[in-house]
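Asks: Following this line is my_file-v3.pdb, made up of PDB, C-alpha atoms, pLDDT in the B column:
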```pdb
MODEL        1
ATOM      1  CA  MET J   1     -42.865  55.744  31.874  1.00 75.00           C
ATOM      2  CA  LEU J   2     -45.591  58.039  33.215  1.00 91.00           C
ATOM      3  CA  THR J   3     -48.081  57.987  30.367  1.00 95.00           C
ATOM      4  CA  ASP J   4     -51.329  59.935  30.571  1.00 94.00           C
ATOM      5  CA  ASN J   5     -53.200  56.724  31.380  1.00 95.00           C
ATOM      6  CA  LEU J   6     -50.806  55.894  34.206  1.00 96.00           C
ATOM      7  CA  ILE J   7     -51.124  59.397  35.640  1.00 95.00           C
ATOM      8  CA  LYS J   8     -54.921  59.045  35.569  1.00 93.00           C
ATOM      9  CA  LYS J   9     -54.620  55.707  37.357  1.00 96.00           C
ATOM     10  CA  ILE J  10     -52.285  57.126  40.003  1.00 96.00           C
ATOM     11  CA  ILE J  11     -54.658  60.020  40.654  1.00 94.00           C
ATOM     12  CA  GLN J  12     -57.650  57.681  40.778  1.00 93.00           C
ATOM     13  CA  VAL J  13     -56.003  55.373  43.334  1.00 96.00           C
ATOM     14  CA  VAL J  14     -55.318  58.300  45.650  1.00 94.00           C
ATOM     15  CA  ARG J  15     -58.836  59.610  45.088  1.00 91.00           C
ATOM     16  CA  TYR J  16     -60.123  56.238  46.207  1.00 93.00           C
ATOM     17  CA  PHE J  17     -57.942  56.422  49.324  1.00 93.00           C
ATOM     18  CA  GLU J  18     -59.463  59.825  50.071  1.00 88.00           C
ATOM     19  CA  THR J  19     -63.107  59.367  49.045  1.00 86.00           C
ATOM     20  CA  SER J  20     -63.748  55.597  48.545  1.00 88.00           C
ATOM     21  CA  LYS J  21     -64.900  56.303  44.975  1.00 84.00           C
ATOM     22  CA  VAL J  22     -63.577  53.700  42.524  1.00 83.00           C
ATOM     23  CA  THR J  23     -64.233  55.584  39.278  1.00 75.00           C
ATOM     24  CA  GLY J  24     -64.637  59.214  38.376  1.00 72.00           C
ATOM     25  CA  ALA J  25     -64.239  62.079  40.813  1.00 83.00           C
ATOM     26  CA  ASP J  26     -66.423  63.090  43.743  1.00 90.00           C
ATOM     27  CA  TYR J  27     -65.855  66.840  43.756  1.00 94.00           C
ATOM     28  CA  GLY J  28     -68.272  67.263  46.636  1.00 94.00           C
ATOM     29  CA  ALA J  29     -66.693  64.666  48.923  1.00 93.00           C
ATOM     30  CA  LEU J  30     -66.761  66.193  52.385  1.00 94.00           C
ATOM     31  CA  SER J  31     -65.861  64.846  55.783  1.00 91.00           C
ATOM     32  CA  MET J  32     -64.845  66.152  59.177  1.00 92.00           C
ATOM     33  CA  PHE J  33     -62.128  64.746  61.375  1.00 89.00           C
ATOM     34  CA  ASN J  34     -60.359  65.841  64.521  1.00 88.00           C
ATOM     35  CA  ASP J  35     -57.060  66.083  62.684  1.00 86.00           C
ATOM     36  CA  GLY J  36     -56.544  69.843  62.510  1.00 87.00           C
ATOM     37  CA  PRO J  37     -54.022  71.805  64.603  1.00 87.00           C
ATOM     38  CA  GLY J  38     -54.132  70.467  68.135  1.00 86.00           C
ATOM     39  CA  ASN J  39     -56.439  67.682  66.905  1.00 85.00           C
ATOM     40  CA  ARG J  40     -59.284  70.183  66.479  1.00 91.00           C
ATOM     41  CA  LYS J  41     -62.134  69.380  64.107  1.00 94.00           C
ATOM     42  CA  GLN J  42     -61.727  70.494  60.497  1.00 96.00           C
ATOM     43  CA  ILE J  43     -63.326  70.088  57.081  1.00 96.00           C
ATOM     44  CA  THR J  44     -61.777  67.851  54.449  1.00 94.00           C
ATOM     45  CA  TYR J  45     -63.115  68.592  50.967  1.00 96.00           C
ATOM     46  CA  GLY J  46     -62.872  67.721  47.300  1.00 93.00           C
ATOM     47  CA  ALA J  47     -62.127  64.941  44.853  1.00 90.00           C
ATOM     48  CA  SER J  48     -58.668  64.345  46.308  1.00 85.00           C
ATOM     49  CA  GLN J  49     -59.418  66.030  49.642  1.00 88.00           C
ATOM     50  CA  THR J  50     -57.778  69.135  51.043  1.00 92.00           C
ATOM     51  CA  THR J  51     -58.223  70.382  54.584  1.00 94.00           C
ATOM     52  CA  GLU J  52     -59.639  73.505  56.193  1.00 96.00           C
ATOM     53  CA  PHE J  53     -56.416  74.318  58.034  1.00 95.00           C
ATOM     54  CA  GLY J  54     -54.327  73.154  55.101  1.00 93.00           C
ATOM     55  CA  MET J  55     -54.949  74.247  51.512  1.00 94.00           C
ATOM     56  CA  LEU J  56     -58.720  74.769  51.382  1.00 97.00           C
ATOM     57  CA  HIS J  57     -58.202  78.537  51.433  1.00 97.00           C
ATOM     58  CA  LYS J  58     -56.131  78.322  48.220  1.00 97.00           C
ATOM     59  CA  LEU J  59     -58.716  76.104  46.533  1.00 98.00           C
ATOM     60  CA  ILE J  60     -61.579  78.449  47.310  1.00 98.00           C
ATOM     61  CA  GLN J  61     -59.530  81.494  46.290  1.00 98.00           C
ATOM     62  CA  MET J  62     -58.865  79.824  42.926  1.00 98.00           C
ATOM     63  CA  TYR J  63     -62.604  79.220  42.562  1.00 98.00           C
ATOM     64  CA  ILE J  64     -63.328  82.884  43.353  1.00 98.00           C
ATOM     65  CA  ASP J  65     -60.684  84.005  40.861  1.00 98.00           C
ATOM     66  CA  ALA J  66     -62.314  81.770  38.237  1.00 98.00           C
ATOM     67  CA  LYS J  67     -65.643  83.528  38.928  1.00 98.00           C
ATOM     68  CA  GLY J  68     -67.574  80.401  39.802  1.00 98.00           C
ATOM     69  CA  GLU J  69     -71.317  80.458  40.370  1.00 98.00           C
ATOM     70  CA  TYR J  70     -70.951  80.769  44.165  1.00 98.00           C
ATOM     71  CA  THR J  71     -68.144  83.328  44.182  1.00 98.00           C
ATOM     72  CA  SER J  72     -70.024  86.018  46.100  1.00 98.00           C
ATOM     73  CA  SER J  73     -71.040  83.573  48.833  1.00 98.00           C
ATOM     74  CA  PHE J  74     -67.477  82.332  49.276  1.00 98.00           C
ATOM     75  CA  GLU J  75     -66.118  85.874  49.432  1.00 98.00           C
ATOM     76  CA  ALA J  76     -67.909  86.277  52.761  1.00 96.00           C
ATOM     77  CA  TYR J  77     -65.946  83.310  54.144  1.00 97.00           C
ATOM     78  CA  ILE J  78     -62.528  83.545  52.503  1.00 97.00           C
ATOM     79  CA  SER J  79     -60.847  85.399  55.387  1.00 96.00           C
ATOM     80  CA  ARG J  80     -62.050  82.792  57.874  1.00 96.00           C
ATOM     81  CA  ILE J  81     -60.953  79.638  56.062  1.00 97.00           C
ATOM     82  CA  GLY J  82     -57.975  78.148  57.867  1.00 95.00           C
ATOM     83  CA  ASP J  83     -57.710  80.956  60.444  1.00 95.00           C
ATOM     84  CA  PRO J  84     -56.773  79.210  63.726  1.00 92.00           C
ATOM     85  CA  THR J  85     -57.933  82.227  65.746  1.00 92.00           C
ATOM     86  CA  LYS J  86     -61.522  81.773  64.575  1.00 92.00           C
ATOM     87  CA  PRO J  87     -64.029  78.967  65.141  1.00 92.00           C
ATOM     88  CA  THR J  88     -63.739  76.037  62.785  1.00 95.00           C
ATOM     89  CA  LEU J  89     -66.037  76.175  59.782  1.00 97.00           C
ATOM     90  CA  ALA J  90     -66.767  72.500  60.328  1.00 96.00           C
ATOM     91  CA  ASP J  91     -69.516  73.718  62.672  1.00 95.00           C
ATOM     92  CA  ASP J  92     -70.923  76.235  60.170  1.00 97.00           C
ATOM     93  CA  ARG J  93     -73.878  74.525  58.481  1.00 97.00           C
ATOM     94  CA  ALA J  94     -74.284  77.278  55.884  1.00 98.00           C
ATOM     95  CA  PHE J  95     -70.659  76.893  54.786  1.00 98.00           C
ATOM     96  CA  ILE J  96     -71.038  73.110  54.527  1.00 97.00           C
ATOM     97  CA  ILE J  97     -74.106  73.547  52.301  1.00 98.00           C
ATOM     98  CA  LEU J  98     -72.167  76.085  50.222  1.00 98.00           C
ATOM     99  CA  LEU J  99     -69.310  73.644  49.631  1.00 98.00           C
ATOM    100  CA  LYS J 100     -71.739  70.916  48.562  1.00 97.00           C
ATOM    101  CA  SER J 101     -73.603  73.284  46.244  1.00 98.00           C
ATOM    102  CA  ALA J 102     -70.388  74.555  44.628  1.00 98.00           C
ATOM    103  CA  ALA J 103     -69.358  70.966  43.895  1.00 97.00           C
ATOM    104  CA  LYS J 104     -72.125  70.861  41.261  1.00 97.00           C
ATOM    105  CA  ASP J 105     -70.571  73.792  39.390  1.00 98.00           C
ATOM    106  CA  PRO J 106     -68.372  72.703  36.426  1.00 97.00           C
ATOM    107  CA  ILE J 107     -66.037  75.579  37.257  1.00 98.00           C
ATOM    108  CA  MET J 108     -65.373  73.920  40.640  1.00 98.00           C
ATOM    109  CA  TRP J 109     -64.539  70.677  38.816  1.00 96.00           C
ATOM    110  CA  GLN J 110     -62.004  72.466  36.640  1.00 97.00           C
ATOM    111  CA  VAL J 111     -60.544  74.379  39.579  1.00 97.00           C
ATOM    112  CA  GLN J 112     -60.156  71.234  41.694  1.00 96.00           C
ATOM    113  CA  ASP J 113     -58.387  69.379  38.892  1.00 94.00           C
ATOM    114  CA  GLN J 114     -56.038  72.320  38.378  1.00 96.00           C
ATOM    115  CA  PHE J 115     -55.531  72.793  42.133  1.00 96.00           C
ATOM    116  CA  PHE J 116     -54.568  69.209  42.883  1.00 93.00           C
ATOM    117  CA  ARG J 117     -52.237  69.060  39.907  1.00 94.00           C
ATOM    118  CA  GLN J 118     -50.569  72.351  40.881  1.00 95.00           C
ATOM    119  CA  TYR J 119     -50.215  71.872  44.627  1.00 93.00           C
ATOM    120  CA  TYR J 120     -49.904  68.104  45.011  1.00 93.00           C
ATOM    121  CA  PHE J 121     -49.187  66.153  41.819  1.00 96.00           C
ATOM    122  CA  HIS J 122     -46.570  68.434  40.254  1.00 96.00           C
ATOM    123  CA  PRO J 123     -44.551  68.867  43.489  1.00 97.00           C
ATOM    124  CA  ALA J 124     -44.639  65.080  43.935  1.00 98.00           C
ATOM    125  CA  GLU J 125     -43.577  64.579  40.315  1.00 97.00           C
ATOM    126  CA  ASP J 126     -40.716  67.069  40.778  1.00 98.00           C
ATOM    127  CA  TRP J 127     -39.517  65.156  43.861  1.00 98.00           C
ATOM    128  CA  PHE J 128     -39.847  61.847  41.967  1.00 98.00           C
ATOM    129  CA  GLU J 129     -37.734  63.102  39.056  1.00 98.00           C
ATOM    130  CA  LYS J 130     -35.193  65.043  41.136  1.00 98.00           C
ATOM    131  CA  HIS J 131     -34.357  61.960  43.213  1.00 98.00           C
ATOM    132  CA  GLY J 132     -33.997  59.634  40.245  1.00 98.00           C
ATOM    133  CA  PHE J 133     -37.164  57.545  40.455  1.00 98.00           C
ATOM    134  CA  SER J 134     -38.749  56.132  37.307  1.00 98.00           C
ATOM    135  CA  LEU J 135     -41.319  53.440  38.151  1.00 98.00           C
ATOM    136  CA  PRO J 136     -45.078  54.162  38.185  1.00 98.00           C
ATOM    137  CA  LEU J 137     -45.622  52.509  41.575  1.00 98.00           C
ATOM    138  CA  SER J 138     -42.890  54.740  43.003  1.00 98.00           C
ATOM    139  CA  MET J 139     -44.757  57.796  41.713  1.00 98.00           C
ATOM    140  CA  LEU J 140     -47.979  56.541  43.293  1.00 98.00           C
ATOM    141  CA  VAL J 141     -46.276  56.060  46.680  1.00 98.00           C
ATOM    142  CA  ILE J 142     -44.668  59.511  46.487  1.00 98.00           C
ATOM    143  CA  TYR J 143     -47.846  61.262  45.327  1.00 97.00           C
ATOM    144  CA  ASP J 144     -49.851  59.626  48.109  1.00 97.00           C
ATOM    145  CA  SER J 145     -47.368  60.931  50.673  1.00 97.00           C
ATOM    146  CA  PHE J 146     -47.695  64.437  49.280  1.00 95.00           C
ATOM    147  CA  VAL J 147     -51.497  64.257  49.431  1.00 91.00           C
ATOM    148  CA  GLN J 148     -51.699  62.782  52.923  1.00 91.00           C
ATOM    149  CA  SER J 149     -48.672  64.396  54.585  1.00 90.00           C
ATOM    150  CA  GLY J 150     -47.588  67.239  52.312  1.00 89.00           C
ATOM    151  CA  SER J 151     -44.202  65.744  51.443  1.00 94.00           C
ATOM    152  CA  ILE J 152     -41.830  62.803  51.761  1.00 96.00           C
ATOM    153  CA  MET J 153     -41.062  63.231  55.435  1.00 94.00           C
ATOM    154  CA  ASP J 154     -37.384  63.358  56.386  1.00 95.00           C
ATOM    155  CA  PHE J 155     -37.883  61.739  59.774  1.00 96.00           C
ATOM    156  CA  LEU J 156     -39.234  58.642  58.027  1.00 97.00           C
ATOM    157  CA  ARG J 157     -36.388  58.661  55.488  1.00 96.00           C
ATOM    158  CA  ASN J 158     -33.950  58.644  58.396  1.00 96.00           C
ATOM    159  CA  ARG J 159     -35.405  55.374  59.700  1.00 97.00           C
ATOM    160  CA  PHE J 160     -33.956  53.216  56.910  1.00 98.00           C
ATOM    161  CA  PRO J 161     -30.548  53.094  55.232  1.00 96.00           C
ATOM    162  CA  GLU J 162     -31.306  52.791  51.497  1.00 98.00           C
ATOM    163  CA  LYS J 163     -30.321  55.798  49.383  1.00 98.00           C
ATOM    164  CA  VAL J 164     -32.520  57.376  46.727  1.00 98.00           C
ATOM    165  CA  PRO J 165     -31.668  56.319  43.141  1.00 98.00           C
ATOM    166  CA  VAL J 166     -29.922  59.579  42.242  1.00 98.00           C
ATOM    167  CA  ASP J 167     -27.447  58.841  45.051  1.00 98.00           C
ATOM    168  CA  GLY J 168     -26.831  55.282  43.898  1.00 98.00           C
ATOM    169  CA  GLY J 169     -29.613  53.534  45.784  1.00 98.00           C
ATOM    170  CA  ASN J 170     -31.953  50.846  44.510  1.00 98.00           C
ATOM    171  CA  GLU J 171     -35.360  52.305  43.613  1.00 98.00           C
ATOM    172  CA  ARG J 172     -37.426  49.263  44.503  1.00 98.00           C
ATOM    173  CA  GLU J 173     -35.596  48.785  47.793  1.00 98.00           C
ATOM    174  CA  TRP J 174     -36.012  52.455  48.755  1.00 98.00           C
ATOM    175  CA  ILE J 175     -39.741  52.413  48.025  1.00 98.00           C
ATOM    176  CA  SER J 176     -40.195  49.103  49.864  1.00 98.00           C
ATOM    177  CA  GLU J 177     -38.368  50.379  52.951  1.00 98.00           C
ATOM    178  CA  TYR J 178     -40.154  53.736  52.893  1.00 98.00           C
ATOM    179  CA  VAL J 179     -43.552  52.032  52.656  1.00 98.00           C
ATOM    180  CA  GLN J 180     -42.720  49.754  55.582  1.00 96.00           C
ATOM    181  CA  VAL J 181     -41.602  52.547  57.915  1.00 97.00           C
ATOM    182  CA  ARG J 182     -44.570  54.701  56.897  1.00 97.00           C
ATOM    183  CA  ASP J 183     -46.873  51.759  57.570  1.00 95.00           C
ATOM    184  CA  VAL J 184     -45.504  51.364  61.102  1.00 94.00           C
ATOM    185  CA  TRP J 185     -45.720  55.126  61.663  1.00 94.00           C
ATOM    186  CA  LEU J 186     -49.389  55.184  60.642  1.00 94.00           C
ATOM    187  CA  GLU J 187     -50.277  52.108  62.697  1.00 91.00           C
ATOM    188  CA  THR J 188     -48.612  53.363  65.878  1.00 92.00           C
ATOM    189  CA  ASN J 189     -49.192  57.117  65.663  1.00 87.00           C
ATOM    190  CA  THR J 190     -49.947  58.527  69.104  1.00 79.00           C
ATOM    191  CA  ALA J 191     -49.720  62.253  68.300  1.00 78.00           C
ATOM    192  CA  ARG J 192     -52.509  61.940  65.716  1.00 80.00           C
ATOM    193  CA  PRO J 193     -54.397  58.721  66.522  1.00 77.00           C
ATOM    194  CA  ILE J 194     -56.806  59.236  63.621  1.00 79.00           C
ATOM    195  CA  LEU J 195     -53.965  58.344  61.228  1.00 84.00           C
ATOM    196  CA  ARG J 196     -54.039  54.754  62.483  1.00 89.00           C
ATOM    197  CA  ASN J 197     -57.206  54.286  60.439  1.00 88.00           C
ATOM    198  CA  THR J 198     -55.376  55.184  57.211  1.00 92.00           C
ATOM    199  CA  ASP J 199     -52.803  52.394  57.130  1.00 93.00           C
ATOM    200  CA  TYR J 200     -54.815  50.721  54.334  1.00 95.00           C
ATOM    201  CA  ARG J 201     -52.835  53.053  52.067  1.00 97.00           C
ATOM    202  CA  THR J 202     -49.504  51.496  52.980  1.00 97.00           C
ATOM    203  CA  ASP J 203     -51.075  48.037  53.269  1.00 96.00           C
ATOM    204  CA  SER J 204     -52.114  48.431  49.625  1.00 97.00           C
ATOM    205  CA  PHE J 205     -48.603  49.445  48.601  1.00 98.00           C
ATOM    206  CA  ILE J 206     -47.139  46.449  50.440  1.00 96.00           C
ATOM    207  CA  TYR J 207     -49.588  44.242  48.553  1.00 96.00           C
ATOM    208  CA  ALA J 208     -48.700  45.865  45.199  1.00 97.00           C
ATOM    209  CA  ILE J 209     -44.982  45.316  45.841  1.00 97.00           C
ATOM    210  CA  ARG J 210     -45.623  41.649  46.623  1.00 95.00           C
ATOM    211  CA  GLN J 211     -47.635  41.407  43.399  1.00 96.00           C
ATOM    212  CA  ASP J 212     -44.671  42.914  41.493  1.00 98.00           C
ATOM    213  CA  ASN J 213     -46.990  45.645  40.212  1.00 98.00           C
ATOM    214  CA  TRP J 214     -44.208  48.216  39.778  1.00 98.00           C
ATOM    215  CA  MET J 215     -45.451  49.254  36.333  1.00 98.00           C
ATOM    216  CA  LEU J 216     -49.089  49.487  37.488  1.00 98.00           C
ATOM    217  CA  ASP J 217     -49.915  47.398  34.444  1.00 96.00           C
ATOM    218  CA  LYS J 218     -52.023  45.119  36.643  1.00 97.00           C
ATOM    219  CA  PRO J 219     -55.182  46.262  38.429  1.00 97.00           C
ATOM    220  CA  PHE J 220     -54.308  48.043  41.682  1.00 98.00           C
ATOM    221  CA  THR J 221     -55.882  46.325  44.676  1.00 97.00           C
ATOM    222  CA  VAL J 222     -56.787  48.337  47.762  1.00 97.00           C
ATOM    223  CA  VAL J 223     -56.410  46.098  50.799  1.00 96.00           C
ATOM    224  CA  ASN J 224     -56.294  46.222  54.552  1.00 93.00           C
ATOM    225  CA  TYR J 225     -54.427  43.902  56.884  1.00 89.00           C
ATOM    226  CA  PRO J 226     -56.634  43.787  60.020  1.00 83.00           C
ATOM    227  CA  ASP J 227     -53.756  42.420  62.086  1.00 79.00           C
ATOM    228  CA  PRO J 228     -50.560  44.472  61.544  1.00 73.00           C
ATOM    229  CA  ALA J 229     -48.535  41.487  62.778  1.00 74.00           C
ATOM    230  CA  ASN J 230     -49.995  39.268  60.040  1.00 74.00           C
ATOM    231  CA  GLN J 231     -49.520  40.780  56.589  1.00 74.00           C
ATOM    232  CA  GLN J 232     -50.459  37.591  54.766  1.00 77.00           C
ATOM    233  CA  THR J 233     -54.252  37.619  54.712  1.00 83.00           C
ATOM    234  CA  PRO J 234     -55.602  40.946  53.465  1.00 89.00           C
ATOM    235  CA  GLN J 235     -59.163  42.176  53.237  1.00 92.00           C
ATOM    236  CA  VAL J 236     -59.762  43.335  49.676  1.00 94.00           C
ATOM    237  CA  TRP J 237     -61.634  46.645  49.563  1.00 94.00           C
ATOM    238  CA  ALA J 238     -61.489  47.650  45.912  1.00 95.00           C
ATOM    239  CA  THR J 239     -59.793  47.023  42.580  1.00 96.00           C
ATOM    240  CA  ILE J 240     -58.823  49.896  40.307  1.00 96.00           C
ATOM    241  CA  SER J 241     -58.072  49.011  36.717  1.00 92.00           C
TER
ENDMDL
END
```
Could you render the structure from this file as structure tokens?

Replies:
Amino acid sequence: MLTDNLIKKIIQVVRYFETSKVTGADYGALSMFNDGPGNRKQITYGASQTTEFGMLHKLIQMYIDAKGEYTSSFEAYISRIGDPTKPTLADDRAFIILLKSAAKDPIMWQVQDQFFRQYYFHPAEDWFEKHGFSLPLSMLVIYDSFVQSGSIMDFLRNRFPEKVPVDGGNEREWISEYVQVRDVWLETNTARPILRNTDYRTDSFIYAIRQDNWMLDKPFTVVNYPDPANQQTPQVWATIS
């Protein structure tokens, strides 16, 4: 069921979650949040966003290996990216300018597309297939978890009883229950309070489930429920066709 057009739509929805760009890709999207190790400030970069203390090192190494226009400049930084023993590069103005400049290089566009497919989409797709899922909305939910959290987190899976399809569970029920527990986790997160601002992701999935948009054949609506206790009146932020 995952046609090329559906895969493009899934990737675009998650790109919107990460960069607020409805169409296309913002390869130079760059922000800084206090969501690194120990809630320290870190860079978040790229069309689908990867973090300084996460996978940014791999992305920049791929760009260097591809001999992009700014390779020599990045080589001076590569050993520092993601090193928790060194100051965050979020405070290095020259590095920030370098990232923004490299985003204009077509080689960076190609590298980012390859990087996010290799390290995020394909692992999510493998998990999706291995556990017996088949619906496009399920793939979107799973891919979003891989982008935001690196995986489908076991501690969230343990909070609801439904089994994955390969073990005899109901796919729609599993996704619905997973989205609900992830929504509560985001809204009430105390270890990483910044995550509370990202519950629009799960709010949008809740809305899509209520719209019976399992095939993603309808436009995907990005919404936010301002009051977590009232999931009936959403604010509509964007529509992705």

Asks: Closest to Pro106 of chain J among J:Val222, J:Asp199, J:Thr233, J:Lys67, using only C-alpha atoms?

Replies: J:Lys67

Asks: Which distance in Å separates atom CA of Ala102 of chain J and atom CA of Tyr16 of chain J, to one decimal?

Replies: 21.1 Å

Asks: For atom CA of Trp174 of chain J and atom CA of Arg192 of chain J, quote the distance in Å rounded to one decimal.

Replies: 25.5 Å

Asks: Output the residue selection produced by the PyMOL selection byres ((chain J and resi 201) around 10) on the file above, formatted as a PDB file with C-alpha atoms, in the frame of the given file.

Replies:
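Output below, filename result-v3.pdb:
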```pdb
ATOM      1  CA  VAL J  13     -56.003  55.373  43.334  1.00 96.00           C
ATOM      2  CA  VAL J  14     -55.318  58.300  45.650  1.00 94.00           C
ATOM      3  CA  TYR J  16     -60.123  56.238  46.207  1.00 93.00           C
ATOM      4  CA  PHE J  17     -57.942  56.422  49.324  1.00 93.00           C
ATOM      5  CA  GLU J  18     -59.463  59.825  50.071  1.00 88.00           C
ATOM      6  CA  VAL J 141     -46.276  56.060  46.680  1.00 98.00           C
ATOM      7  CA  ASP J 144     -49.851  59.626  48.109  1.00 97.00           C
ATOM      8  CA  SER J 145     -47.368  60.931  50.673  1.00 97.00           C
ATOM      9  CA  GLN J 148     -51.699  62.782  52.923  1.00 91.00           C
ATOM     10  CA  VAL J 179     -43.552  52.032  52.656  1.00 98.00           C
ATOM     11  CA  ARG J 182     -44.570  54.701  56.897  1.00 97.00           C
ATOM     12  CA  ASP J 183     -46.873  51.759  57.570  1.00 95.00           C
ATOM     13  CA  LEU J 186     -49.389  55.184  60.642  1.00 94.00           C
ATOM     14  CA  ASN J 197     -57.206  54.286  60.439  1.00 88.00           C
ATOM     15  CA  THR J 198     -55.376  55.184  57.211  1.00 92.00           C
ATOM     16  CA  ASP J 199     -52.803  52.394  57.130  1.00 93.00           C
ATOM     17  CA  TYR J 200     -54.815  50.721  54.334  1.00 95.00           C
ATOM     18  CA  THR J 202     -49.504  51.496  52.980  1.00 97.00           C
ATOM     19  CA  ASP J 203     -51.075  48.037  53.269  1.00 96.00           C
ATOM     20  CA  SER J 204     -52.114  48.431  49.625  1.00 97.00           C
ATOM     21  CA  PHE J 205     -48.603  49.445  48.601  1.00 98.00           C
ATOM     22  CA  ILE J 206     -47.139  46.449  50.440  1.00 96.00           C
ATOM     23  CA  VAL J 222     -56.787  48.337  47.762  1.00 97.00           C
ATOM     24  CA  VAL J 223     -56.410  46.098  50.799  1.00 96.00           C
ATOM     25  CA  ASN J 224     -56.294  46.222  54.552  1.00 93.00           C
TER      26      ASN J 224
END
```

Asks: Expand the PyMOL selection byres ((chain J and resi 54) around 10) into the explicit residue set it covers here, and present it as a ChimeraX atom specification.

Replies: /J:36-37,42-44,50-53,55-58,81-82,150

Asks: So how many Å separate atom CA of Ile209 of chain J and atom CA of Leu140 of chain J, to one decimal?

Replies: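 Between atom CA of Ile209 of chain J and atom CA of Leu140 of chain J the gap is 11.9 Å.
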
Asks: Take every atom of segment 95-114 of chain J listed in the file, pad by 8 Å on each side, and give me the axis-aligned box centre and edge lengths in Å, one decimal, as lines of an AutoDock Vina configuration file.

Replies:
```
center_x = -65.1
center_y = 73.1
center_z = 45.6
size_x = 34.1
size_y = 23.5
size_z = 34.4
```
